[in-house]
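Below is one structure, written out as structure tokens; the observations come after it.
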Protein chains: 2
Amino acid sequence: MIIDELGISQKIKCVQDTLYVISGKWKLPIMLAISFGNHRFREIQRAVPEITTKVLSKELKDLEANRLVIRKVYDTYPVMIEYSVSPYCKSLKPLIDEMVRWGFNHRLKIKED
Amino acid sequence: MIIDELGISQKIKCVQDTLYVISGKWKLPIMLAISFGNHRFREIQRAVPEITTKVLSKELKDLEANRLVIRKVYDTYPVMIEYSVSPYCKSLKPLIDEMVRWGFNHRLKIKED
């Protein structure tokens with residue numbers, strides 16, 4: 001596979017690009033919450049522990065700008081807004097799965113120590 | 001597998017634990033550089049673009065405290081210090097590989113757009 005042929009400096013650049021997109025405490029948890037079926041602002045906020053309204057609002061705007069989250073406004077009264085994950089966001093699934101796995105084992109390890 | 005049986009709130013906690021350990025711009029690139037055979041401070045600094053001496057020094061201390069990097073002092077003259085990755089750090093390999101892969105494809109995608 002082509003990835004294995006990359007040199008150290010290219011690998012570091014790739015990792016830094018990924019870190020740039022998913023960096024921070026909230027982006028991945030928010031995408032995870034949305035992909036689990038939480039589409040309304042309040043639902044997402046309930047699903048992501050400790051996030052404030054202000055931070056969630058800012059993070060959703062960032063995710064939308066990076067085309068990871070899609071914001072849809074329904075022309076109802078009152079106006080209804082729903083968030084969903086983009087097909088591009090779904091490409092992060094193997095990465096998120098691996099982070100869940102590592103975090104899970106890390107917690108077990110810390111308990112052992 | 002047990003990971004698939006976790007609920008959304010547990011998955012979010014696992015991801016946040018992982019993010020906490022690998023967060024920031026430098027930790028993964030530094031671990032990658034060391035695992036590629038750069039064991040001396042100056043070698044690591046050359047391998048990680050744009051990192052300053054001060055930041056590298058601080059990050060290495062953090063990584064050592066989290067048992068991801070091992071610092072070994074050789075009783076030579078002048079004293080020689082070498083860094084290596086711990087067995088625990090190696091458990092991050094599948095995650096780092098996936099980040100390389102995603103970052104690589106992300107760069108291709110950005111060029112397409």
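Each chain in the structure tokens gets a letter, A, B, ..., in the order shown, and its residues are numbered from 1; ligands are numbered from 1 in order too.
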* To do: Please provide as a list in words all residues within 10 Å of Val69 (chain B), with the sequence filter that same-chain residues fewer than 5 positions apart are discarded (counting only C-alpha atoms).
  =>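 Returned residues: Ile30, Met31, Ile34, Ser35, Leu60, Lys61, Asp62, Leu63, Glu64, Tyr83, Ser84, Val85, Ser86, Pro87, Tyr88 and Cys89 of chain B.
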* Asked: Using the chain letters and numbers from this document, which residues of chain A does DSSP assign to alpha helix (DSSP H), as a count of residues only?
  -> 68
* **7 Å contacts from chain A to chain B using only C-alpha atoms, as a list in words** => Ile3, Ile8, Ser9, Lys11, Ile12, Cys14, Val15, Gln16, Asp17, Thr18, Leu19, Lys25, Pro29, Ala33, Phe36, Ala47, Leu95, Glu98, Met99, Val100, Arg101, Trp102, Gly103 and Phe104 of chain A
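Coordinates place CA of Val55 (chain A) at a distance of 23.4 Å from CA of Lys93 (chain A).
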Excluding Val73 (chain B) and its own-chain neighbours fewer than 4 positions away, which residues fall within 9 Å of it when counting only C-alpha atoms? Please give them as a compact mmCIF listing (two decimals) with N, CA and C atoms, in the first residue's frame.
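Output file part23.txt follows:
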```txt
# COMPACT_ATOMS: atom_id res chain seq x y z
N VAL B 79 28.01 13.48 28.54
CA VAL B 79 26.83 12.65 28.80
C VAL B 79 25.98 12.54 27.54
N MET B 80 25.51 11.32 27.23
CA MET B 80 24.68 11.15 26.05
C MET B 80 23.26 10.77 26.49
N ILE B 81 22.30 11.43 25.89
CA ILE B 81 20.90 11.15 26.24
C ILE B 81 20.19 10.62 25.01
N GLU B 82 19.48 9.51 25.17
CA GLU B 82 18.71 8.96 24.06
C GLU B 82 17.26 8.74 24.45
N TYR B 83 16.40 9.02 23.47
CA TYR B 83 14.97 8.81 23.67
C TYR B 83 14.52 7.62 22.83
```
* Asked: Which of these, A:Lys58, A:Lys72, A:Lys111, A:Arg67, has the shortest distance to Arg40 (chain A) once you count only C-alpha atoms?
  ->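 Closest residue, counting only C-alpha atoms: A:Lys72.
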